[in-house]
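Shown below: query.cif, with mmCIF, C-alpha atoms.
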data_structure
#
loop_
_atom_site.label_atom_id
_atom_site.label_comp_id
_atom_site.auth_asym_id
_atom_site.auth_seq_id
_atom_site.Cartn_x
_atom_site.Cartn_y
_atom_site.Cartn_z
CA MET A 1477 -8.85 28.53 19.88
CA LYS A 1478 -5.18 29.17 20.18
CA ILE A 1479 -4.25 30.63 16.81
CA GLU A 1480 -4.73 34.39 16.86
CA ALA A 1481 -6.33 36.61 14.23
CA GLY A 1482 -4.06 37.45 11.35
CA ALA A 1483 -1.64 34.64 12.11
CA SER A 1484 -0.03 32.52 9.44
CA LEU A 1485 0.11 28.77 9.86
CA LEU A 1486 2.67 26.71 7.97
CA PHE A 1487 2.61 22.93 7.57
CA ILE A 1488 5.79 20.99 6.79
CA GLY A 1489 6.22 17.25 6.41
CA ASP A 1490 6.29 14.42 3.90
CA SER A 1491 3.84 13.04 1.31
CA ILE A 1492 0.94 12.99 3.78
CA THR A 1493 1.33 16.74 4.20
CA ASP A 1494 2.26 17.35 0.55
CA SER A 1495 -0.76 15.57 -0.98
CA GLY A 1496 -0.11 17.19 -4.36
CA ARG A 1497 0.31 20.81 -3.17
CA GLY A 1498 1.45 23.54 -5.53
CA ARG A 1499 5.12 24.59 -5.81
CA PRO A 1500 7.11 26.37 -4.49
CA VAL A 1501 4.63 27.04 -1.65
CA GLY A 1502 1.19 25.44 -1.51
CA GLU A 1503 -1.55 27.89 -0.69
CA ALA A 1504 -5.21 27.84 -1.64
CA ASN A 1505 -6.51 30.62 -3.83
CA PRO A 1506 -10.05 31.25 -5.06
CA TRP A 1507 -9.47 29.74 -8.47
CA SER A 1508 -7.34 26.83 -7.32
CA TRP A 1509 -7.96 25.23 -3.95
CA GLY A 1510 -5.84 22.34 -5.16
CA GLU A 1511 -2.70 24.39 -4.53
CA ILE A 1512 -2.89 23.51 -0.86
CA GLY A 1513 -2.93 19.80 -1.66
CA ASP A 1514 -5.83 17.46 -1.07
CA GLY A 1515 -4.86 16.08 2.34
CA TYR A 1516 -5.40 16.97 5.97
CA VAL A 1517 -3.94 20.47 5.45
CA ARG A 1518 -6.81 21.30 3.13
CA ASN A 1519 -9.31 20.03 5.68
CA VAL A 1520 -7.71 22.20 8.36
CA ALA A 1521 -7.69 25.28 6.10
CA ALA A 1522 -11.32 24.69 5.13
CA TYR A 1523 -12.44 24.25 8.73
CA LEU A 1524 -10.54 27.27 10.05
CA GLY A 1525 -12.00 29.37 7.24
CA ALA A 1526 -15.51 28.12 7.94
CA ALA A 1527 -15.47 28.22 11.76
CA TYR A 1528 -13.21 31.22 12.34
CA PRO A 1529 -13.74 33.49 9.34
CA GLU A 1530 -13.00 36.63 11.36
CA ARG A 1531 -9.50 35.45 12.25
CA LYS A 1532 -8.32 35.41 8.62
CA ILE A 1533 -5.67 32.78 9.25
CA ARG A 1534 -3.28 32.20 6.36
CA VAL A 1535 -2.51 28.51 5.78
CA ARG A 1536 0.46 27.36 3.71
CA ASN A 1537 1.86 23.93 2.91
CA VAL A 1538 5.49 23.01 2.21
CA GLY A 1539 5.24 19.23 2.71
CA SER A 1540 7.33 17.22 0.22
CA SER A 1541 6.80 13.57 -0.69
CA GLY A 1542 9.48 11.16 0.42
CA ASN A 1543 11.07 13.58 2.89
CA THR A 1544 12.84 12.51 6.05
CA ALA A 1545 13.98 14.72 8.94
CA ARG A 1546 17.29 15.07 7.11
CA ASP A 1547 15.52 16.40 4.01
CA LEU A 1548 13.64 18.97 6.10
CA ALA A 1549 16.91 20.22 7.54
CA LEU A 1550 18.30 20.78 4.03
CA ARG A 1551 15.42 23.06 3.03
CA TRP A 1552 14.52 24.58 6.41
CA ASP A 1553 15.92 28.08 5.72
CA GLU A 1554 14.09 28.41 2.43
CA ASP A 1555 10.85 26.66 3.32
CA VAL A 1556 10.34 27.65 6.96
CA ILE A 1557 12.53 30.51 8.16
CA ALA A 1558 12.09 32.62 5.01
CA LEU A 1559 8.29 32.30 5.12
CA ARG A 1560 8.15 33.72 8.68
CA PRO A 1561 5.18 31.72 9.92
CA ARG A 1562 3.76 32.56 13.36
CA TRP A 1563 2.53 28.99 13.81
CA LEU A 1564 4.35 25.94 12.55
CA CYS A 1565 3.08 22.38 12.33
CA MET A 1566 5.50 19.54 11.59
CA MET A 1567 4.80 15.86 10.94
CA ILE A 1568 7.88 13.89 9.89
CA GLY A 1569 9.42 10.47 10.50
CA ILE A 1570 7.45 8.04 8.36
CA ASN A 1571 10.08 7.79 5.63
CA ASP A 1572 12.87 7.80 8.20
CA VAL A 1573 11.43 4.51 9.45
CA TRP A 1574 9.89 3.14 6.25
CA ARG A 1575 13.22 3.09 4.39
CA GLN A 1576 14.60 0.89 7.19
CA PHE A 1577 12.05 -1.70 6.12
CA ASP A 1578 11.68 -1.28 2.36
CA SER A 1579 15.30 -0.34 1.61
CA PRO A 1580 17.30 -2.13 4.31
CA LEU A 1581 20.31 -2.48 2.01
CA ALA A 1582 20.52 1.31 1.53
CA PRO A 1583 21.22 2.66 5.04
CA GLU A 1584 22.01 6.12 3.68
CA ARG A 1585 18.32 6.56 2.87
CA THR A 1586 17.20 5.88 6.43
CA VAL A 1587 17.36 8.09 9.51
CA GLY A 1588 18.08 6.28 12.76
CA LEU A 1589 16.36 7.28 15.97
CA ASP A 1590 19.30 9.18 17.45
CA ASP A 1591 19.87 11.15 14.25
CA TYR A 1592 16.15 11.85 14.04
CA LYS A 1593 16.08 13.32 17.56
CA PHE A 1594 19.27 15.30 17.00
CA ILE A 1595 18.13 16.82 13.69
CA LEU A 1596 14.67 17.80 14.93
CA ASP A 1597 16.07 19.20 18.15
CA GLY A 1598 18.43 21.41 16.16
CA LEU A 1599 15.66 22.70 13.87
CA LEU A 1600 13.28 23.46 16.73
CA ARG A 1601 15.96 25.15 18.84
CA ARG A 1602 16.69 27.52 15.96
CA THR A 1603 13.05 28.22 15.16
CA ARG A 1604 10.98 28.12 18.31
CA GLY A 1605 11.85 31.70 19.37
CA GLN A 1606 10.37 33.12 16.16
CA LEU A 1607 7.05 31.32 16.59
CA ASP A 1608 3.92 32.13 18.53
CA GLY A 1609 2.95 28.49 18.45
CA LEU A 1610 4.23 25.08 17.43
CA VAL A 1611 2.34 21.86 16.74
CA LEU A 1612 4.22 18.55 16.58
CA MET A 1613 2.47 15.53 15.11
CA THR A 1614 3.81 12.01 15.47
CA PRO A 1615 4.38 9.72 12.53
CA TYR A 1616 2.07 6.67 12.44
CA VAL A 1617 1.31 3.36 10.76
CA VAL A 1618 -2.29 2.47 9.95
CA GLU A 1619 -1.92 -1.06 11.31
CA ASN A 1620 -4.11 -2.90 13.78
CA ASN A 1621 -1.32 -4.96 15.29
CA PRO A 1622 0.79 -2.98 17.83
CA ALA A 1623 3.49 -5.68 17.70
CA ASP A 1624 4.04 -5.24 13.96
CA PRO A 1625 7.76 -4.35 13.72
CA PHE A 1626 7.15 -1.40 11.37
CA ARG A 1627 4.54 0.04 13.70
CA ALA A 1628 6.57 -0.68 16.84
CA ARG A 1629 9.58 1.17 15.40
CA MET A 1630 7.37 4.07 14.33
CA SER A 1631 6.06 4.36 17.90
CA GLN A 1632 9.63 4.95 19.12
CA TYR A 1633 9.83 7.94 16.76
CA GLY A 1634 6.44 9.07 18.04
CA GLU A 1635 7.79 8.98 21.58
CA ALA A 1636 10.73 11.14 20.47
CA VAL A 1637 8.23 13.67 19.12
CA ARG A 1638 6.38 13.60 22.43
CA SER A 1639 9.62 14.49 24.29
CA LEU A 1640 10.40 17.31 21.86
CA ALA A 1641 6.88 18.67 22.31
CA THR A 1642 7.51 18.94 26.04
CA ILE A 1643 10.91 20.56 25.62
CA TYR A 1644 9.71 23.11 23.06
CA GLN A 1645 6.26 23.79 24.57
CA ALA A 1646 4.46 22.49 21.51
CA GLU A 1647 0.91 21.28 21.08
CA PHE A 1648 1.33 17.53 20.76
CA VAL A 1649 -0.73 15.41 18.35
CA ASP A 1650 -0.58 11.65 18.83
CA THR A 1651 -1.71 10.64 15.34
CA GLN A 1652 -1.18 6.94 16.10
CA ALA A 1653 -3.70 7.17 18.95
CA ALA A 1654 -6.12 9.01 16.67
CA PHE A 1655 -5.88 6.24 14.06
CA ASP A 1656 -6.14 3.57 16.74
CA ASP A 1657 -9.57 4.91 17.72
CA VAL A 1658 -10.75 4.25 14.17
CA LEU A 1659 -8.83 0.98 13.78
CA ALA A 1660 -10.74 -0.40 16.75
CA HIS A 1661 -13.69 -0.59 14.35
CA SER A 1662 -12.13 -1.42 10.99
CA HIS A 1663 -9.20 -3.12 9.32
CA GLY A 1664 -6.36 -0.79 8.38
CA THR A 1665 -6.73 -1.53 4.68
CA ALA A 1666 -10.04 0.38 4.71
CA ILE A 1667 -8.23 3.55 5.88
CA ALA A 1668 -4.87 3.41 4.09
CA TRP A 1669 -4.18 0.91 1.30
CA ASP A 1670 -0.43 0.82 2.04
CA ARG A 1671 -0.83 1.52 5.76
CA ILE A 1672 0.66 5.00 5.26
CA HIS A 1673 -1.19 7.06 2.65
CA PRO A 1674 -4.73 7.61 3.88
CA GLY A 1675 -7.88 8.20 1.90
CA PRO A 1676 -10.30 11.01 2.79
CA VAL A 1677 -11.29 9.38 6.08
CA GLY A 1678 -7.70 9.12 7.29
CA HIS A 1679 -6.91 12.69 6.30
CA MET A 1680 -9.96 13.75 8.30
CA VAL A 1681 -8.66 11.78 11.28
CA LEU A 1682 -5.42 13.79 11.06
CA ALA A 1683 -7.23 17.12 10.57
CA ARG A 1684 -9.49 16.43 13.53
CA ALA A 1685 -6.56 15.54 15.77
CA PHE A 1686 -4.79 18.76 14.76
CA LEU A 1687 -7.88 20.91 15.30
CA LYS A 1688 -8.42 19.39 18.74
CA ALA A 1689 -4.82 20.15 19.69
CA ILE A 1690 -5.21 23.85 18.90
CA GLY A 1691 -8.57 24.02 20.64
CA ALA A 1692 -10.54 24.60 17.45
CA LEU A 1693 -13.00 21.75 18.08
CA MET B 480 9.21 -30.03 -17.81
CA LYS B 481 5.57 -30.76 -18.44
CA ILE B 482 4.73 -28.40 -21.27
CA SER B 483 5.50 -29.89 -24.70
CA ALA B 484 6.66 -28.24 -27.92
CA GLY B 485 4.11 -25.99 -29.54
CA GLN B 486 1.75 -25.87 -26.59
CA THR B 487 0.10 -22.81 -25.08
CA LEU B 488 0.16 -21.69 -21.45
CA LEU B 489 -2.49 -19.17 -20.39
CA PHE B 490 -2.43 -17.11 -17.20
CA ILE B 491 -5.63 -15.63 -15.81
CA GLY B 492 -6.24 -13.76 -12.57
CA ASP B 493 -6.43 -10.29 -11.06
CA SER B 494 -4.06 -7.30 -10.92
CA ILE B 495 -1.15 -9.46 -9.79
CA THR B 496 -1.43 -11.46 -13.00
CA ASP B 497 -2.42 -8.43 -15.10
CA ALA B 498 0.62 -6.32 -14.09
CA GLY B 499 -0.02 -3.92 -16.97
CA ARG B 500 -0.41 -6.47 -19.79
CA LYS B 501 -1.62 -5.47 -23.26
CA ARG B 502 -5.30 -5.83 -24.28
CA PRO B 503 -7.15 -7.85 -25.41
CA VAL B 504 -4.63 -10.66 -24.83
CA GLY B 505 -1.15 -10.16 -23.38
CA GLU B 506 1.64 -11.95 -25.23
CA GLY B 507 5.38 -11.47 -25.80
CA ASP B 508 6.42 -7.96 -24.78
CA GLY B 509 2.80 -7.33 -23.81
CA LEU B 510 2.70 -9.88 -20.97
CA GLY B 511 2.98 -7.16 -18.34
CA GLY B 512 5.57 -6.69 -15.61
CA GLY B 513 4.70 -9.63 -13.42
CA TYR B 514 5.24 -13.36 -13.03
CA PRO B 515 3.68 -14.37 -16.40
CA SER B 516 6.38 -12.35 -18.15
CA GLN B 517 9.11 -13.91 -15.98
CA VAL B 518 7.76 -17.42 -16.66
CA ASN B 519 7.68 -16.68 -20.38
CA ALA B 520 11.25 -15.38 -20.32
CA LEU B 521 12.53 -18.45 -18.50
CA LEU B 522 10.60 -20.89 -20.69
CA THR B 523 12.04 -19.25 -23.79
CA ALA B 524 15.55 -18.99 -22.37
CA CYS B 525 15.70 -22.56 -21.10
CA TYR B 526 13.52 -24.39 -23.62
CA PRO B 527 13.90 -22.33 -26.82
CA GLU B 528 13.25 -25.36 -29.02
CA ARG B 529 9.80 -25.95 -27.57
CA LYS B 530 8.41 -22.64 -28.80
CA ILE B 531 5.85 -22.48 -26.01
CA ARG B 532 3.27 -19.75 -26.41
CA VAL B 533 2.46 -17.80 -23.22
CA LEU B 534 -0.70 -15.68 -22.92
CA ASN B 535 -2.01 -13.43 -20.16
CA THR B 536 -5.62 -12.39 -19.60
CA GLY B 537 -5.39 -11.20 -15.98
CA ILE B 538 -7.47 -8.10 -15.16
CA SER B 539 -6.96 -5.76 -12.22
CA GLY B 540 -9.65 -5.81 -9.57
CA ASN B 541 -11.19 -9.09 -10.72
CA THR B 542 -12.91 -11.55 -8.40
CA VAL B 543 -13.81 -15.11 -9.35
CA LYS B 544 -17.23 -13.79 -10.39
CA ASP B 545 -15.56 -11.41 -12.84
CA LEU B 546 -13.58 -14.35 -14.24
CA ALA B 547 -16.83 -16.25 -14.75
CA GLY B 548 -18.26 -13.32 -16.72
CA ARG B 549 -15.42 -13.38 -19.25
CA TRP B 550 -14.32 -17.02 -19.09
CA GLN B 551 -15.60 -18.01 -22.55
CA ARG B 552 -13.75 -15.19 -24.33
CA ASP B 553 -10.64 -15.04 -22.17
CA VAL B 554 -10.05 -18.76 -21.55
CA MET B 555 -12.16 -21.17 -23.64
CA ASP B 556 -11.84 -19.31 -26.94
CA LEU B 557 -8.05 -19.13 -26.56
CA LYS B 558 -7.86 -22.96 -26.30
CA PRO B 559 -4.86 -23.18 -23.97
CA ASP B 560 -3.14 -26.51 -23.30
CA TYR B 561 -2.08 -25.38 -19.84
CA LEU B 562 -4.02 -22.98 -17.68
CA SER B 563 -2.78 -21.16 -14.58
CA VAL B 564 -5.33 -19.45 -12.34
CA MET B 565 -4.68 -17.18 -9.34
CA ILE B 566 -7.82 -15.54 -7.96
CA GLY B 567 -9.33 -14.64 -4.61
CA THR B 568 -7.43 -11.58 -3.44
CA ASN B 569 -10.15 -9.09 -4.34
CA ASP B 570 -12.88 -11.50 -3.22
CA VAL B 571 -11.37 -11.16 0.26
CA TRP B 572 -9.92 -7.64 0.15
CA ARG B 573 -13.26 -5.95 -0.61
CA GLN B 574 -14.61 -7.48 2.60
CA PHE B 575 -12.01 -5.41 4.45
CA ASP B 576 -11.48 -2.23 2.44
CA ARG B 577 -15.12 -1.85 1.37
CA PRO B 578 -16.88 -3.32 4.39
CA LYS B 579 -20.06 -1.36 3.69
CA ASN B 580 -20.40 -2.72 0.12
CA PRO B 581 -21.49 -6.37 0.33
CA GLU B 582 -22.14 -6.34 -3.43
CA PHE B 583 -18.34 -6.38 -3.92
CA HIS B 584 -17.74 -9.27 -1.51
CA VAL B 585 -17.44 -12.84 -2.72
CA LEU B 586 -17.95 -15.04 0.34
CA PRO B 587 -16.33 -18.49 0.68
CA GLU B 588 -19.34 -20.56 -0.40
CA GLU B 589 -19.85 -18.53 -3.55
CA PHE B 590 -16.11 -18.39 -4.25
CA GLU B 591 -15.93 -22.17 -4.12
CA SER B 592 -19.02 -22.85 -6.22
CA VAL B 593 -18.24 -20.31 -8.95
CA TYR B 594 -14.62 -21.49 -9.11
CA ARG B 595 -15.70 -25.15 -9.25
CA ASN B 596 -18.09 -24.51 -12.14
CA LEU B 597 -15.34 -22.85 -14.15
CA LEU B 598 -12.94 -25.73 -13.57
CA ARG B 599 -15.56 -28.38 -14.30
CA MET B 600 -16.25 -26.75 -17.67
CA THR B 601 -12.57 -26.33 -18.53
CA ARG B 602 -10.57 -29.21 -17.08
CA PRO B 603 -11.46 -31.75 -19.80
CA THR B 604 -10.09 -29.41 -22.48
CA LEU B 605 -6.71 -28.98 -20.74
CA LYS B 606 -3.45 -30.98 -20.70
CA GLY B 607 -2.63 -29.41 -17.37
CA LEU B 608 -3.92 -27.02 -14.75
CA VAL B 609 -2.04 -24.92 -12.19
CA LEU B 610 -3.96 -23.35 -9.30
CA LEU B 611 -2.28 -20.70 -7.16
CA THR B 612 -3.71 -19.62 -3.82
CA PRO B 613 -4.33 -15.98 -3.09
CA PHE B 614 -2.00 -14.53 -0.43
CA LEU B 615 -1.33 -11.63 1.90
CA ILE B 616 2.27 -10.58 2.46
CA GLU B 617 1.80 -10.12 6.19
CA GLN B 618 3.72 -11.69 9.04
CA ASN B 619 1.04 -11.39 11.68
CA GLU B 620 -0.75 -14.73 11.66
CA SER B 621 -3.72 -13.26 13.49
CA ASP B 622 -4.34 -10.41 11.05
CA ALA B 623 -8.02 -10.72 10.16
CA MET B 624 -7.48 -10.27 6.44
CA LYS B 625 -4.66 -12.82 6.37
CA LEU B 626 -6.77 -15.39 8.21
CA ARG B 627 -9.51 -14.88 5.66
CA MET B 628 -7.05 -15.20 2.78
CA VAL B 629 -5.73 -18.48 4.18
CA GLU B 630 -9.31 -19.77 4.32
CA TYR B 631 -9.68 -19.08 0.58
CA GLY B 632 -6.32 -20.75 -0.04
CA LYS B 633 -7.70 -23.92 1.54
CA ILE B 634 -10.62 -23.86 -0.89
CA VAL B 635 -8.12 -23.62 -3.76
CA LYS B 636 -6.24 -26.58 -2.32
CA LYS B 637 -9.43 -28.61 -2.19
CA LEU B 638 -10.28 -27.72 -5.79
CA SER B 639 -6.74 -28.67 -6.85
CA ARG B 640 -7.27 -32.20 -5.58
CA GLU B 641 -10.70 -32.42 -7.17
CA PHE B 642 -9.44 -31.35 -10.59
CA ARG B 643 -5.94 -32.92 -10.51
CA ALA B 644 -4.26 -29.53 -10.65
CA SER B 645 -0.69 -28.68 -9.67
CA PHE B 646 -1.16 -26.70 -6.49
CA VAL B 647 0.95 -23.65 -5.61
CA ASP B 648 0.67 -22.50 -2.00
CA THR B 649 1.80 -18.92 -2.59
CA GLN B 650 1.09 -17.99 1.03
CA LYS B 651 3.57 -20.61 2.20
CA LEU B 652 6.19 -19.39 -0.29
CA TYR B 653 5.85 -15.84 1.02
CA ASP B 654 5.75 -16.94 4.66
CA ASP B 655 9.05 -18.76 4.07
CA SER B 656 10.59 -15.72 2.37
CA MET B 657 9.48 -13.42 5.19
CA LYS B 658 11.60 -15.40 7.63
CA SER B 659 14.66 -13.74 6.08
CA VAL B 660 13.37 -10.84 4.00
CA GLU B 661 11.47 -7.74 5.13
CA PRO B 662 7.85 -8.01 3.93
CA LYS B 663 8.17 -4.58 2.31
CA ILE B 664 10.85 -5.94 -0.01
CA LEU B 665 8.23 -8.37 -1.31
CA SER B 666 5.32 -5.93 -1.51
CA GLY B 667 4.66 -2.29 -0.69
CA ASP B 668 0.98 -2.79 0.13
CA ARG B 669 0.95 -6.49 1.15
CA VAL B 670 -0.95 -7.44 -2.02
CA HIS B 671 0.92 -6.28 -5.11
CA PRO B 672 4.33 -7.96 -5.28
CA SER B 673 7.55 -6.19 -6.10
CA PHE B 674 9.83 -7.63 -8.78
CA VAL B 675 11.26 -9.89 -6.09
CA GLY B 676 7.75 -10.83 -4.98
CA HIS B 677 6.80 -11.76 -8.54
CA ALA B 678 9.91 -13.94 -8.75
CA THR B 679 8.54 -15.88 -5.78
CA LEU B 680 5.38 -16.59 -7.78
CA THR B 681 7.45 -17.44 -10.85
CA ARG B 682 9.37 -20.07 -8.88
CA GLY B 683 6.10 -21.51 -7.62
CA VAL B 684 4.69 -21.84 -11.13
CA LEU B 685 7.91 -23.29 -12.52
CA LYS B 686 8.08 -25.86 -9.76
CA ALA B 687 4.47 -26.85 -10.48
CA LEU B 688 5.52 -27.43 -14.11
CA ASP B 689 8.54 -29.57 -13.08
CA PHE B 690 10.71 -26.95 -14.69
CA ARG B 691 14.47 -27.01 -14.09
CA VAL B 692 16.50 -23.91 -14.88
#

For the file at hand, write its structure as structure tokens.
Amino acid sequence: MKIEAGASLLFIGDSITDSGRGRPVGEANPWSWGEIGDGYVRNVAAYLGAAYPERKIRVRNVGSSGNTARDLALRWDEDVIALRPRWLCMMIGINDVWRQFDSPLAPERTVGLDDYKFILDGLLRRTRGQLDGLVLMTPYVVENNPADPFRARMSQYGEAVRSLATIYQAEFVDTQAAFDDVLAHSHGTAIAWDRIHPGPVGHMVLARAFLKAIGAL
Amino acid sequence: MKISAGQTLLFIGDSITDAGRKRPVGEGDGLGGGYPSQVNALLTACYPERKIRVLNTGISGNTVKDLAGRWQRDVMDLKPDYLSVMIGTNDVWRQFDRPKNPEFHVLPEEFESVYRNLLRMTRPTLKGLVLLTPFLIEQNESDAMKLRMVEYGKIVKKLSREFRASFVDTQKLYDDSMKSVEPKILSGDRVHPSFVGHATLTRGVLKALDFRV
């Protein structure tokens, strides 16, 4: 398992990561596990605590609902740099694409593919040197049809994440592939009612994919 | 326009009809945020002299079996002149989002027979009947849930002929819209329409009533 004893692990992203975390920084405490949110981050924190109790890994969550790559850049100093994590996990891009489809008349709310790559590249270039480890997770759509335009566009952003993972020596998590394994046996509506926000099963799919990537499973 | 002065139009259905209406019967400002409210607004704006009363007894999550369980109270007792029914979405959806719970599924044969019994009981009491198909706001024609929804729409079409109802093919209306509008403008989750999506249903109902704005 790649994350060392005493390390801190920080998750940043959008609503999937947020999942109702506490503010300003989501972190579980004995009297309120809800502070870490009730999504895949909680599953990861619970599993690391159960399987690797001796490593005492600190898990924090600064995901924020609705965020795009541009929003992450605006709060990066405060929410990443200042917290000095040794491991960072980022999953972003869903809203960057989603707004292109649900708000096509408001281009200022979307983030095009070139901007997306440029913004993330800048953030990772600044931050990678301070980190022991980096995990990059692709955005995804819980949709059975690969030709669906929303899903096809999302895959392009996933490919951009794959390239960044190579450049910045990150553990790469192909969340779309992880969901596809489950979608082979069920319709997407059973996993995520709006194709984006998963129920407990979908959050476990994400947690499992993350844990595999860091060698914890 | 078919509905005469002083008559009552009742909407019944699932969450799409419900749209947050008041209990026990939605009326006026309590019609909810969906197409029944838009229909009411247009009827009142365009035909103020007819004083048509619009009621809404849609309930979120309902299948045709749920409608049968409350039909006496929520349809017969209200004595509508015109009745509009849109049901079937949950009958199909539960087959896909709760695949392990067959008790929530209403399969085609049962859907048709329960629906037919309701209409047989009610049609003689009505001046007019409007039947809307269920729909899925999805462009992929081979999506399993959409195919199933279309199958239920065909049953509604058949019942419309049997009971001389005005038939609204909501799936066709949405399929036409999706040629020029992103599906997500019409619905965030493919089932619950946005304000624009509700306007599509409103147009369908108005057309069925020979309404001219």

List the residues matched by the PyMOL selection byres ((chain A and resi 1560-1567) around 6) in the displayed structure as a PyMOL selection string, ordered by chain and then by residue number.
chain A and resi 1483-1489+1557-1559+1568+1607-1613

Answer key for the PyMOL selection byres ((chain B) within 12 of (chain A)), residues as a ChimeraX atom specification:
/B:571-580,615-625,660-671,673

Could you please take those selected residues and save C-alpha atoms as a compact mmCIF listing (two decimals), in the coordinates of the input?
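Dumped everything to result-v4.txt:
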# COMPACT_ATOMS: atom_id res chain seq x y z
CA VAL B 571 -11.37 -11.16 0.26
CA TRP B 572 -9.92 -7.64 0.15
CA ARG B 573 -13.26 -5.95 -0.61
CA GLN B 574 -14.61 -7.48 2.60
CA PHE B 575 -12.01 -5.41 4.45
CA ASP B 576 -11.48 -2.23 2.44
CA ARG B 577 -15.12 -1.85 1.37
CA PRO B 578 -16.88 -3.32 4.39
CA LYS B 579 -20.06 -1.36 3.69
CA ASN B 580 -20.40 -2.72 0.12
CA LEU B 615 -1.33 -11.63 1.90
CA ILE B 616 2.27 -10.58 2.46
CA GLU B 617 1.80 -10.12 6.19
CA GLN B 618 3.72 -11.69 9.04
CA ASN B 619 1.04 -11.39 11.68
CA GLU B 620 -0.75 -14.73 11.66
CA SER B 621 -3.72 -13.26 13.49
CA ASP B 622 -4.34 -10.41 11.05
CA ALA B 623 -8.02 -10.72 10.16
CA MET B 624 -7.48 -10.27 6.44
CA LYS B 625 -4.66 -12.82 6.37
CA VAL B 660 13.37 -10.84 4.00
CA GLU B 661 11.47 -7.74 5.13
CA PRO B 662 7.85 -8.01 3.93
CA LYS B 663 8.17 -4.58 2.31
CA ILE B 664 10.85 -5.94 -0.01
CA LEU B 665 8.23 -8.37 -1.31
CA SER B 666 5.32 -5.93 -1.51
CA GLY B 667 4.66 -2.29 -0.69
CA ASP B 668 0.98 -2.79 0.13
CA ARG B 669 0.95 -6.49 1.15
CA VAL B 670 -0.95 -7.44 -2.02
CA HIS B 671 0.92 -6.28 -5.11
CA SER B 673 7.55 -6.19 -6.10

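Here atom CA of Pro603 of chain B stands at a distance of 18.9 Å from atom CA of Glu591 of chain B.
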
With a distance cut-off of 12 Å and all atoms listed in the file, select the neighbouring residues of Asn1537 of chain A, excluding the residue or stretch itself and same-chain residues fewer than 4 positions from it, and output the selection as JSON, numbers by chain.
{"A": [1484, 1485, 1486, 1487, 1488, 1489, 1490, 1491, 1492, 1493, 1494, 1495, 1496, 1497, 1498, 1499, 1500, 1501, 1502, 1503, 1504, 1510, 1511, 1512, 1513, 1514, 1515, 1516, 1517, 1518, 1520, 1521, 1555, 1556, 1559, 1561, 1564, 1565, 1566, 1567]}

How would the residues just chosen look if you wrote them out with C-alpha atoms as a PDB file, in the frame of the given file?
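Result went into out_25.pdb, see below:
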ATOM      1  CA  SER A1484      -0.030  32.520   9.440  1.00  0.00           C
ATOM      2  CA  LEU A1485       0.110  28.770   9.860  1.00  0.00           C
ATOM      3  CA  LEU A1486       2.670  26.710   7.970  1.00  0.00           C
ATOM      4  CA  PHE A1487       2.610  22.930   7.570  1.00  0.00           C
ATOM      5  CA  ILE A1488       5.790  20.990   6.790  1.00  0.00           C
ATOM      6  CA  GLY A1489       6.220  17.250   6.410  1.00  0.00           C
ATOM      7  CA  ASP A1490       6.290  14.420   3.900  1.00  0.00           C
ATOM      8  CA  SER A1491       3.840  13.040   1.310  1.00  0.00           C
ATOM      9  CA  ILE A1492       0.940  12.990   3.780  1.00  0.00           C
ATOM     10  CA  THR A1493       1.330  16.740   4.200  1.00  0.00           C
ATOM     11  CA  ASP A1494       2.260  17.350   0.550  1.00  0.00           C
ATOM     12  CA  SER A1495      -0.760  15.570  -0.980  1.00  0.00           C
ATOM     13  CA  GLY A1496      -0.110  17.190  -4.360  1.00  0.00           C
ATOM     14  CA  ARG A1497       0.310  20.810  -3.170  1.00  0.00           C
ATOM     15  CA  GLY A1498       1.450  23.540  -5.530  1.00  0.00           C
ATOM     16  CA  ARG A1499       5.120  24.590  -5.810  1.00  0.00           C
ATOM     17  CA  PRO A1500       7.110  26.370  -4.490  1.00  0.00           C
ATOM     18  CA  VAL A1501       4.630  27.040  -1.650  1.00  0.00           C
ATOM     19  CA  GLY A1502       1.190  25.440  -1.510  1.00  0.00           C
ATOM     20  CA  GLU A1503      -1.550  27.890  -0.690  1.00  0.00           C
ATOM     21  CA  ALA A1504      -5.210  27.840  -1.640  1.00  0.00           C
ATOM     22  CA  GLY A1510      -5.840  22.340  -5.160  1.00  0.00           C
ATOM     23  CA  GLU A1511      -2.700  24.390  -4.530  1.00  0.00           C
ATOM     24  CA  ILE A1512      -2.890  23.510  -0.860  1.00  0.00           C
ATOM     25  CA  GLY A1513      -2.930  19.800  -1.660  1.00  0.00           C
ATOM     26  CA  ASP A1514      -5.830  17.460  -1.070  1.00  0.00           C
ATOM     27  CA  GLY A1515      -4.860  16.080   2.340  1.00  0.00           C
ATOM     28  CA  TYR A1516      -5.400  16.970   5.970  1.00  0.00           C
ATOM     29  CA  VAL A1517      -3.940  20.470   5.450  1.00  0.00           C
ATOM     30  CA  ARG A1518      -6.810  21.300   3.130  1.00  0.00           C
ATOM     31  CA  VAL A1520      -7.710  22.200   8.360  1.00  0.00           C
ATOM     32  CA  ALA A1521      -7.690  25.280   6.100  1.00  0.00           C
ATOM     33  CA  ASP A1555      10.850  26.660   3.320  1.00  0.00           C
ATOM     34  CA  VAL A1556      10.340  27.650   6.960  1.00  0.00           C
ATOM     35  CA  LEU A1559       8.290  32.300   5.120  1.00  0.00           C
ATOM     36  CA  PRO A1561       5.180  31.720   9.920  1.00  0.00           C
ATOM     37  CA  LEU A1564       4.350  25.940  12.550  1.00  0.00           C
ATOM     38  CA  CYS A1565       3.080  22.380  12.330  1.00  0.00           C
ATOM     39  CA  MET A1566       5.500  19.540  11.590  1.00  0.00           C
ATOM     40  CA  MET A1567       4.800  15.860  10.940  1.00  0.00           C
TER      41      MET A1567
END
